[in-house]
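Visitor: What follows is a single structure, and I will ask about it in a moment.
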Amino acid sequence: MAALGRQVLDWHRLIPLTWACLGRRTFHFGEQKRTVSLLRKLTTASSGGSLDVVACVGPKKCVQEPECRTNLVQCLPEKRAPVDRVSLEPEEVITSLLDMGFSEAHIKDLLSVQPSASPQQLLSVTSELILLGLNPEPVCVALKKSPQLLRLPVLQMRKRSSYLRKLGLGEGKLKRLLHGCPEVFSMRQQDIDAVVKVLKEKCLFTVQQVTEILHRCPGVLRQDPSELEYQFQYAYFRMGIKHRDIVRTEFLQYSMAKVKQRHIYLERLGRYQTPDKKGQTQIANPLLKDILSISEAEFLARTARSSAEEFEVFKKLLAREEASEEEEESDPSDAEEEEEDEEEEEEKQCGTREAQLSPGAALPLVYRQSLETRGCPYQEGGVIRICPQQSTAVRDQQEPGRDSSSLPQGPSAAFDW
C-alpha cells in the first residue's frame with residue numbers, strides 16, 4: 001500500500017509537467033503559423049503591396065501604446081548584435097523599426113524606396129541615421145531624396161557619421177544638413193575636405209563658423225571650392241560684408257547670379273555703396289535680408305523702388321557685359337595686340353624712336369660727325385635716342401659748362417645715349 005501511494009503521488013506530480021509540455025508545443029506551433037504569415041506580408045509589402053496588418057508583428061503593447069516604448073538610444077546598442085549577423089529575420093527588422101519609432105506608414109515608405117535592398121541593409125542604414133539624433137520623419141525624407149544611401153556599406157556610413165560629429169554636426173544640426181544635402185553620406189571624402197579647407201584657410205572662418213555654415217547653408221558642399229572662394233571675396237571686398245554677417249544672413253546659400261544682379265542694380269541706382277576701410281558709407285545701405293531674402297517683386301517695390309521692366313533690361317545688359325568680359329579673358333592675344341598698337345601710336349605722337357646697335361658696330365657717319373663737332377663722347381653698341389622735342393635747357397644740364405649758343409640747333413641736335 002505504501003508503494004502504491006508513492007506511485008499515485010508521482011503521477012500527480014507529473015500532470016502539471018505534462019500540461020506545460022503540451023502548452024509549449026501548442027505555443028510553438030502558433031509561432032510557426034505566425035512566422036509564415038509575417039514572411040508572406042513582408043514580401044508583399046516590399047513588392048509594393050499594403051502593410052495594413054503588420055501591426056501584429058510586434059507586441060500588442062508596443063503597437064497600441066507607443067508612449068510606453070523604451071528610449072530608442074538605449075535600445076539601439078542591444079539591437080546592434082542582430083544587425084551585424086550574416087542573416088536577419090524580416091520580422092525582426094520590422095520589430096526593430098517599430099521600436100525605433102517608425103510608424104506603419106514609415107515602414108511602408110522605407111520598403112518601397114529601394115525594393116532591391118535587403119531588410120538587414122535597411123535596418124543598418126536607418127540605425128546609423130537614428131544614432132546621429134534624427135527622428136524617423138527626417139530619416140524617411142532623406143532616404144526618399146537619396147535612395148542610393150541604402151546601397152552604401154555600413155562601414156562607410158559609420159565613418160562619415162564620425163566625421164560629421166567631429167565637424168560639430170550632431171544632434172539636431174544634422175536634420176537640416178540632410179534635408180538640404182542628403183548626398184552628404186555618398187559624396188567623396190576629398191570633396192568635403194576641399195570645401196572645409198577653403199572655408200577655414202582661404203575665407204578665414206573659425207571652426208564654429210564653419211559648423212554654422214554647413215548647418216545653415218548645406219548647399220555649399222555641392223559648390224566648386226574656387227567658386228565658393230569667389231563668392232566670399234565678392235561679399236567681403238565688393239559688398240563690405242563681415243564674416244559674422246555672412247554666417248548670420250546665410251549669404252552663401254544664394255546663387256552668384258542673384259547676388260550680382262541685385263547688388264549691382266542697387267549700386268547703379270545709387271542705393272548701395274561699398275564701405276571704405278573704416279566700414280563707413282555716405283549713404284545708408286539696405287539690410288542684406290532686404291536684398292536677398294525676399295522675392296523679386298518685394299525687392300523692386302521695397303528696396304530698389306523700381307519697375308520690373310527696368311530690372312529686366314538691366315539684367316540683359318549685365319549679361320552682355322559679363323559675356324564680353326569672359327571673351328576678353330578667354331582670348332588674351334587680342335588684348336595684347338591692342339595694347340601694342342596703342343604703344344606704337346603713343347611713340348609716334350611723342351616723336352621718339354630708339355635704335356639698337358649690336359656690340360662693336362660702327363655708328364652712322366652723320367651721327368658720328370655731329371657728335372665729333374659738339375665734342376660729345378659716344379659709345380658704340382649702345383642705344384641712340386633721337387628726341388626732337390628736347391629743349392636747350394635739358395641739353396645744358398647734360399653738358400654743363402658749354403655755351404648753348406655754340407651748339408648746333410635743329411631736330412637732329414639732341415642725342416641721348
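Lettering and numbering for the C-alpha cells are positional, with chains as A, B, ... in the shown order, residues counted from 1 in each chain, and ligands counted from 1 in the shown order.
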Just want the 10 Å neighbourhood of Val184 of chain A, counted on only C-alpha atoms, with same-chain residues fewer than 3 positions away dropped. Output as a PDB file with all heavy atoms, in the first residue's frame.

Guide:
ATOM      1  N   SER A 146      17.482  60.551 -51.513  1.00  0.00           N
ATOM      2  CA  SER A 146      18.714  59.878 -51.956  1.00  0.00           C
ATOM      3  C   SER A 146      18.594  58.382 -51.695  1.00  0.00           C
ATOM      4  O   SER A 146      19.101  57.867 -50.690  1.00  0.00           O
ATOM      5  CB  SER A 146      19.924  60.454 -51.220  1.00  0.00           C
ATOM      6  OG  SER A 146      20.111  61.814 -51.550  1.00  0.00           O
ATOM      7  N   LEU A 149      21.567  55.917 -50.697  1.00  0.00           N
ATOM      8  CA  LEU A 149      22.099  55.706 -49.353  1.00  0.00           C
ATOM      9  C   LEU A 149      21.900  54.272 -48.876  1.00  0.00           C
ATOM     10  O   LEU A 149      22.696  53.759 -48.087  1.00  0.00           O
ATOM     11  CB  LEU A 149      21.436  56.675 -48.367  1.00  0.00           C
ATOM     12  CG  LEU A 149      21.714  58.168 -48.558  1.00  0.00           C
ATOM     13  CD1 LEU A 149      20.955  58.982 -47.520  1.00  0.00           C
ATOM     14  CD2 LEU A 149      23.194  58.460 -48.477  1.00  0.00           C
ATOM     15  N   ARG A 160      31.519  58.174 -42.011  1.00  0.00           N
ATOM     16  CA  ARG A 160      31.020  59.503 -42.332  1.00  0.00           C
ATOM     17  C   ARG A 160      30.272  60.102 -41.140  1.00  0.00           C
ATOM     18  O   ARG A 160      30.347  61.327 -40.911  1.00  0.00           O
ATOM     19  CB  ARG A 160      30.111  59.423 -43.568  1.00  0.00           C
ATOM     20  CG  ARG A 160      29.640  60.764 -44.100  1.00  0.00           C
ATOM     21  CD  ARG A 160      30.807  61.668 -44.483  1.00  0.00           C
ATOM     22  NE  ARG A 160      31.758  61.040 -45.371  1.00  0.00           N
ATOM     23  CZ  ARG A 160      31.616  60.995 -46.703  1.00  0.00           C
ATOM     24  NH1 ARG A 160      30.559  61.551 -47.270  1.00  0.00           N
ATOM     25  NH2 ARG A 160      32.536  60.425 -47.468  1.00  0.00           N
ATOM     26  N   SER A 161      29.562  59.283 -40.400  1.00  0.00           N
ATOM     27  CA  SER A 161      28.884  59.778 -39.199  1.00  0.00           C
ATOM     28  C   SER A 161      29.886  60.292 -38.181  1.00  0.00           C
ATOM     29  O   SER A 161      29.689  61.354 -37.570  1.00  0.00           O
ATOM     30  CB  SER A 161      28.036  58.658 -38.583  1.00  0.00           C
ATOM     31  OG  SER A 161      27.070  58.193 -39.506  1.00  0.00           O
ATOM     32  N   LEU A 164      31.228  63.689 -39.410  1.00  0.00           N
ATOM     33  CA  LEU A 164      30.270  64.776 -39.220  1.00  0.00           C
ATOM     34  C   LEU A 164      30.194  65.191 -37.752  1.00  0.00           C
ATOM     35  O   LEU A 164      30.003  66.371 -37.444  1.00  0.00           O
ATOM     36  CB  LEU A 164      28.891  64.351 -39.730  1.00  0.00           C
ATOM     37  CG  LEU A 164      28.785  64.122 -41.247  1.00  0.00           C
ATOM     38  CD1 LEU A 164      27.404  63.607 -41.601  1.00  0.00           C
ATOM     39  CD2 LEU A 164      29.096  65.390 -42.018  1.00  0.00           C
ATOM     40  N   LEU A 177      20.984  69.623 -42.487  1.00  0.00           N
ATOM     41  CA  LEU A 177      22.010  69.235 -43.455  1.00  0.00           C
ATOM     42  C   LEU A 177      21.507  68.134 -44.378  1.00  0.00           C
ATOM     43  O   LEU A 177      21.708  68.198 -45.600  1.00  0.00           O
ATOM     44  CB  LEU A 177      23.272  68.783 -42.717  1.00  0.00           C
ATOM     45  CG  LEU A 177      24.409  68.235 -43.582  1.00  0.00           C
ATOM     46  CD1 LEU A 177      24.936  69.312 -44.512  1.00  0.00           C
ATOM     47  CD2 LEU A 177      25.531  67.690 -42.713  1.00  0.00           C
ATOM     48  N   LEU A 178      20.874  67.127 -43.822  1.00  0.00           N
ATOM     49  CA  LEU A 178      20.355  66.039 -44.655  1.00  0.00           C
ATOM     50  C   LEU A 178      19.200  66.505 -45.533  1.00  0.00           C
ATOM     51  O   LEU A 178      19.008  66.002 -46.636  1.00  0.00           O
ATOM     52  CB  LEU A 178      19.903  64.874 -43.772  1.00  0.00           C
ATOM     53  CG  LEU A 178      21.005  63.947 -43.261  1.00  0.00           C
ATOM     54  CD1 LEU A 178      20.416  62.884 -42.364  1.00  0.00           C
ATOM     55  CD2 LEU A 178      21.747  63.308 -44.411  1.00  0.00           C
ATOM     56  N   GLY A 180      18.901  69.545 -46.839  1.00  0.00           N
ATOM     57  CA  GLY A 180      19.435  70.349 -47.929  1.00  0.00           C
ATOM     58  C   GLY A 180      20.429  69.623 -48.798  1.00  0.00           C
ATOM     59  O   GLY A 180      20.552  69.931 -49.989  1.00  0.00           O
ATOM     60  N   CYS A 181      21.155  68.669 -48.242  1.00  0.00           N
ATOM     61  CA  CYS A 181      22.162  67.922 -48.995  1.00  0.00           C
ATOM     62  C   CYS A 181      22.180  66.472 -48.513  1.00  0.00           C
ATOM     63  O   CYS A 181      23.083  66.058 -47.791  1.00  0.00           O
ATOM     64  CB  CYS A 181      23.543  68.573 -48.836  1.00  0.00           C
ATOM     65  SG  CYS A 181      24.853  67.833 -49.829  1.00  0.00           S
ATOM     66  N   MET A 187      28.926  61.360 -50.878  1.00  0.00           N
ATOM     67  CA  MET A 187      29.942  62.191 -51.524  1.00  0.00           C
ATOM     68  C   MET A 187      31.344  61.669 -51.220  1.00  0.00           C
ATOM     69  O   MET A 187      31.565  60.969 -50.229  1.00  0.00           O
ATOM     70  CB  MET A 187      29.821  63.650 -51.048  1.00  0.00           C
ATOM     71  CG  MET A 187      28.558  64.346 -51.478  1.00  0.00           C
ATOM     72  SD  MET A 187      28.442  66.019 -50.768  1.00  0.00           S
ATOM     73  CE  MET A 187      29.907  66.783 -51.494  1.00  0.00           C
ATOM     74  N   ARG A 188      32.282  62.044 -52.085  1.00  0.00           N
ATOM     75  CA  ARG A 188      33.671  61.670 -51.844  1.00  0.00           C
ATOM     76  C   ARG A 188      34.236  62.477 -50.676  1.00  0.00           C
ATOM     77  O   ARG A 188      33.941  63.655 -50.521  1.00  0.00           O
ATOM     78  CB  ARG A 188      34.526  61.895 -53.095  1.00  0.00           C
ATOM     79  CG  ARG A 188      34.110  61.065 -54.301  1.00  0.00           C
ATOM     80  CD  ARG A 188      35.123  61.224 -55.418  1.00  0.00           C
ATOM     81  NE  ARG A 188      35.340  62.626 -55.762  1.00  0.00           N
ATOM     82  CZ  ARG A 188      36.292  63.053 -56.583  1.00  0.00           C
ATOM     83  NH1 ARG A 188      37.125  62.179 -57.139  1.00  0.00           N
ATOM     84  NH2 ARG A 188      36.410  64.346 -56.860  1.00  0.00           N
ATOM     85  N   GLN A 189      35.081  61.835 -49.904  1.00  0.00           N
ATOM     86  CA  GLN A 189      35.642  62.488 -48.730  1.00  0.00           C
ATOM     87  C   GLN A 189      36.513  63.676 -49.118  1.00  0.00           C
ATOM     88  O   GLN A 189      36.509  64.714 -48.447  1.00  0.00           O
ATOM     89  CB  GLN A 189      36.459  61.477 -47.925  1.00  0.00           C
ATOM     90  CG  GLN A 189      37.032  62.021 -46.624  1.00  0.00           C
ATOM     91  CD  GLN A 189      35.951  62.370 -45.620  1.00  0.00           C
ATOM     92  OE1 GLN A 189      34.956  61.667 -45.508  1.00  0.00           O
ATOM     93  NE2 GLN A 189      36.146  63.468 -44.895  1.00  0.00           N
ATOM     94  N   ILE A 192      34.436  66.917 -49.688  1.00  0.00           N
ATOM     95  CA  ILE A 192      34.032  67.589 -48.449  1.00  0.00           C
ATOM     96  C   ILE A 192      35.230  68.262 -47.801  1.00  0.00           C
ATOM     97  O   ILE A 192      35.142  69.401 -47.318  1.00  0.00           O
ATOM     98  CB  ILE A 192      33.376  66.587 -47.492  1.00  0.00           C
ATOM     99  CG1 ILE A 192      32.161  65.920 -48.152  1.00  0.00           C
ATOM    100  CG2 ILE A 192      32.954  67.263 -46.192  1.00  0.00           C
ATOM    101  CD1 ILE A 192      31.484  64.886 -47.284  1.00  0.00           C
ATOM    102  N   PRO A 218      23.741  74.094 -46.272  1.00  0.00           N
ATOM    103  CA  PRO A 218      24.321  72.796 -46.662  1.00  0.00           C
ATOM    104  C   PRO A 218      24.632  72.694 -48.147  1.00  0.00           C
ATOM    105  O   PRO A 218      25.407  71.833 -48.551  1.00  0.00           O
ATOM    106  CB  PRO A 218      23.227  71.797 -46.248  1.00  0.00           C
ATOM    107  CG  PRO A 218      21.967  72.587 -46.207  1.00  0.00           C
ATOM    108  CD  PRO A 218      22.354  73.960 -45.788  1.00  0.00           C
ATOM    109  N   LEU A 221      28.316  72.340 -49.901  1.00  0.00           N
ATOM    110  CA  LEU A 221      29.039  71.094 -50.141  1.00  0.00           C
ATOM    111  C   LEU A 221      28.998  70.696 -51.601  1.00  0.00           C
ATOM    112  O   LEU A 221      29.868  69.951 -52.068  1.00  0.00           O
ATOM    113  CB  LEU A 221      28.454  69.977 -49.274  1.00  0.00           C
ATOM    114  CG  LEU A 221      28.632  70.143 -47.761  1.00  0.00           C
ATOM    115  CD1 LEU A 221      27.870  69.058 -47.020  1.00  0.00           C
ATOM    116  CD2 LEU A 221      30.103  70.111 -47.383  1.00  0.00           C
ATOM    117  N   ARG A 222      28.014  71.190 -52.344  1.00  0.00           N
ATOM    118  CA  ARG A 222      27.924  70.878 -53.780  1.00  0.00           C
ATOM    119  C   ARG A 222      28.722  71.851 -54.632  1.00  0.00           C
ATOM    120  O   ARG A 222      28.954  71.585 -55.808  1.00  0.00           O
ATOM    121  CB  ARG A 222      26.460  70.912 -54.238  1.00  0.00           C
ATOM    122  CG  ARG A 222      25.523  69.968 -53.528  1.00  0.00           C
ATOM    123  CD  ARG A 222      24.212  69.894 -54.294  1.00  0.00           C
ATOM    124  NE  ARG A 222      23.177  69.213 -53.562  1.00  0.00           N
ATOM    125  CZ  ARG A 222      22.244  69.822 -52.840  1.00  0.00           C
ATOM    126  NH1 ARG A 222      22.246  71.145 -52.753  1.00  0.00           N
ATOM    127  NH2 ARG A 222      21.323  69.142 -52.201  1.00  0.00           N
TER     128      ARG A 222
END

Visitor: Please provide the set of residues having any atom within 12 Å of Phe205 of chain A, restricted to only C-alpha atoms, with same-chain residues fewer than 2 positions apart removed, written as a PDB file with C-alpha atoms, in the first residue's frame.

Guide:
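Resulting contents of out-v3.pdb:
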ATOM      1  CA  VAL A 195      35.131  72.728 -49.141  1.00  0.00           C
ATOM      2  CA  VAL A 196      36.033  72.749 -45.441  1.00  0.00           C
ATOM      3  CA  LYS A 197      39.636  73.708 -46.276  1.00  0.00           C
ATOM      4  CA  VAL A 198      38.534  76.690 -48.375  1.00  0.00           C
ATOM      5  CA  LEU A 199      36.231  77.929 -45.625  1.00  0.00           C
ATOM      6  CA  LYS A 200      38.966  77.666 -42.992  1.00  0.00           C
ATOM      7  CA  GLU A 201      42.144  78.655 -44.859  1.00  0.00           C
ATOM      8  CA  LYS A 202      41.011  80.838 -47.773  1.00  0.00           C
ATOM      9  CA  CYS A 203      37.983  82.537 -46.235  1.00  0.00           C
ATOM     10  CA  VAL A 207      35.783  76.315 -36.650  1.00  0.00           C
ATOM     11  CA  GLN A 208      32.482  77.316 -35.062  1.00  0.00           C
ATOM     12  CA  GLN A 209      31.589  79.477 -38.062  1.00  0.00           C
ATOM     13  CA  VAL A 210      32.347  76.598 -40.449  1.00  0.00           C
ATOM     14  CA  THR A 211      29.968  74.392 -38.461  1.00  0.00           C
ATOM     15  CA  GLU A 212      27.264  77.059 -38.651  1.00  0.00           C
ATOM     16  CA  ILE A 213      27.773  77.479 -42.403  1.00  0.00           C
ATOM     17  CA  LEU A 214      27.415  73.745 -43.041  1.00  0.00           C
ATOM     18  CA  GLU A 229      36.031  81.366 -52.546  1.00  0.00           C
ATOM     19  CA  PHE A 232      33.144  85.012 -50.270  1.00  0.00           C
ATOM     20  CA  LYS A 242      31.956  90.848 -42.484  1.00  0.00           C
ATOM     21  CA  HIS A 243      32.428  87.197 -41.542  1.00  0.00           C
ATOM     22  CA  ARG A 244      29.806  87.108 -38.808  1.00  0.00           C
ATOM     23  CA  ASP A 245      27.216  88.733 -41.102  1.00  0.00           C
ATOM     24  CA  ILE A 246      27.954  86.227 -43.874  1.00  0.00           C
ATOM     25  CA  VAL A 247      27.223  83.411 -41.418  1.00  0.00           C
TER      26      VAL A 247
END

Visitor: Excluding Ile291 of chain A and any residue of its chain fewer than 2 positions from it, enumerate the residues within 9 Å of it, using only C-alpha atoms, and give them as number ranges by chain.

Guide: A: 259, 262-263, 286-289, 293-295, 299, 303-304

Visitor: Using only N, CA, C and O atoms, please write the residues we just selected to a file, as a PDB file, in the first residue's frame.

Guide:
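To be explicit, this is the file written out as selection-v9.pdb:
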ATOM      1  N   VAL A 259      22.899  87.366 -56.523  1.00  0.00           N
ATOM      2  CA  VAL A 259      23.606  88.357 -55.706  1.00  0.00           C
ATOM      3  C   VAL A 259      24.094  89.516 -56.565  1.00  0.00           C
ATOM      4  O   VAL A 259      23.892  90.696 -56.241  1.00  0.00           O
ATOM      5  N   ARG A 262      21.169  91.876 -58.112  1.00  0.00           N
ATOM      6  CA  ARG A 262      20.512  92.798 -57.190  1.00  0.00           C
ATOM      7  C   ARG A 262      21.497  93.815 -56.605  1.00  0.00           C
ATOM      8  O   ARG A 262      21.140  94.984 -56.424  1.00  0.00           O
ATOM      9  N   HIS A 263      22.714  93.373 -56.331  1.00  0.00           N
ATOM     10  CA  HIS A 263      23.682  94.300 -55.750  1.00  0.00           C
ATOM     11  C   HIS A 263      24.094  95.378 -56.749  1.00  0.00           C
ATOM     12  O   HIS A 263      24.099  96.583 -56.424  1.00  0.00           O
ATOM     13  N   PRO A 286      20.902  99.326 -47.614  1.00  0.00           N
ATOM     14  CA  PRO A 286      19.807  98.468 -47.122  1.00  0.00           C
ATOM     15  C   PRO A 286      20.350  97.208 -46.475  1.00  0.00           C
ATOM     16  O   PRO A 286      21.483  96.783 -46.743  1.00  0.00           O
ATOM     17  N   LEU A 287      19.562  96.611 -45.611  1.00  0.00           N
ATOM     18  CA  LEU A 287      19.961  95.376 -44.959  1.00  0.00           C
ATOM     19  C   LEU A 287      20.055  94.246 -45.978  1.00  0.00           C
ATOM     20  O   LEU A 287      19.363  94.235 -47.001  1.00  0.00           O
ATOM     21  N   LEU A 288      20.909  93.285 -45.661  1.00  0.00           N
ATOM     22  CA  LEU A 288      21.120  92.179 -46.596  1.00  0.00           C
ATOM     23  C   LEU A 288      19.860  91.342 -46.762  1.00  0.00           C
ATOM     24  O   LEU A 288      19.602  90.805 -47.848  1.00  0.00           O
ATOM     25  N   LYS A 289      19.064  91.228 -45.712  1.00  0.00           N
ATOM     26  CA  LYS A 289      17.829  90.455 -45.832  1.00  0.00           C
ATOM     27  C   LYS A 289      16.834  91.133 -46.750  1.00  0.00           C
ATOM     28  O   LYS A 289      16.000  90.464 -47.381  1.00  0.00           O
ATOM     29  N   SER A 293      16.820  88.024 -49.225  1.00  0.00           N
ATOM     30  CA  SER A 293      15.888  87.096 -48.576  1.00  0.00           C
ATOM     31  C   SER A 293      14.443  87.290 -48.973  1.00  0.00           C
ATOM     32  O   SER A 293      13.564  86.625 -48.412  1.00  0.00           O
ATOM     33  N   ILE A 294      14.162  88.174 -49.898  1.00  0.00           N
ATOM     34  CA  ILE A 294      12.783  88.446 -50.299  1.00  0.00           C
ATOM     35  C   ILE A 294      12.622  88.138 -51.779  1.00  0.00           C
ATOM     36  O   ILE A 294      13.609  87.942 -52.511  1.00  0.00           O
ATOM     37  N   SER A 295      11.384  88.106 -52.214  1.00  0.00           N
ATOM     38  CA  SER A 295      11.106  87.819 -53.613  1.00  0.00           C
ATOM     39  C   SER A 295      11.509  89.002 -54.492  1.00  0.00           C
ATOM     40  O   SER A 295      11.784  90.107 -54.001  1.00  0.00           O
ATOM     41  N   PHE A 299      11.578  92.962 -53.622  1.00  0.00           N
ATOM     42  CA  PHE A 299      12.849  93.661 -53.765  1.00  0.00           C
ATOM     43  C   PHE A 299      12.693  94.935 -54.605  1.00  0.00           C
ATOM     44  O   PHE A 299      13.224  95.998 -54.252  1.00  0.00           O
ATOM     45  N   THR A 303      12.943  97.790 -51.807  1.00  0.00           N
ATOM     46  CA  THR A 303      14.365  98.131 -51.729  1.00  0.00           C
ATOM     47  C   THR A 303      14.820  98.984 -52.912  1.00  0.00           C
ATOM     48  O   THR A 303      15.384 100.060 -52.728  1.00  0.00           O
ATOM     49  N   ALA A 304      14.602  98.492 -54.128  1.00  0.00           N
ATOM     50  CA  ALA A 304      15.082  99.217 -55.310  1.00  0.00           C
ATOM     51  C   ALA A 304      14.160 100.358 -55.706  1.00  0.00           C
ATOM     52  O   ALA A 304      14.602 101.337 -56.302  1.00  0.00           O
TER      53      ALA A 304
END

Visitor: Skip Gln148 of chain A itself and residues of its chain fewer than 2 positions away, then list as a PyMOL selection string all residues within 9 Å of it, counting only C-alpha atoms.

Guide: chain A and resi 114+143+145-146+150-152+183+186

Visitor: Nearest residue to Tyr265 of chain A out of A:Gln121, A:Ser307, A:Ser112, A:Gln280, using only C-alpha atoms?

Guide: A:Ser307

Visitor: Using only C-alpha atoms, find the one residue out of A:Glu250, A:Glu340, A:Met239, A:Asp191 that sits nearest to Asp224 of chain A.

Guide: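 Smallest distance to Asp224 of chain A is found for A:Asp191.
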
Visitor: Can you work out which one of A:Gln261, A:Thr126, A:Ser162, A:Thr249 has the shortest atom-to-atom distance to Phe311 of chain A, counting only C-alpha atoms?

Guide: A:Gln261
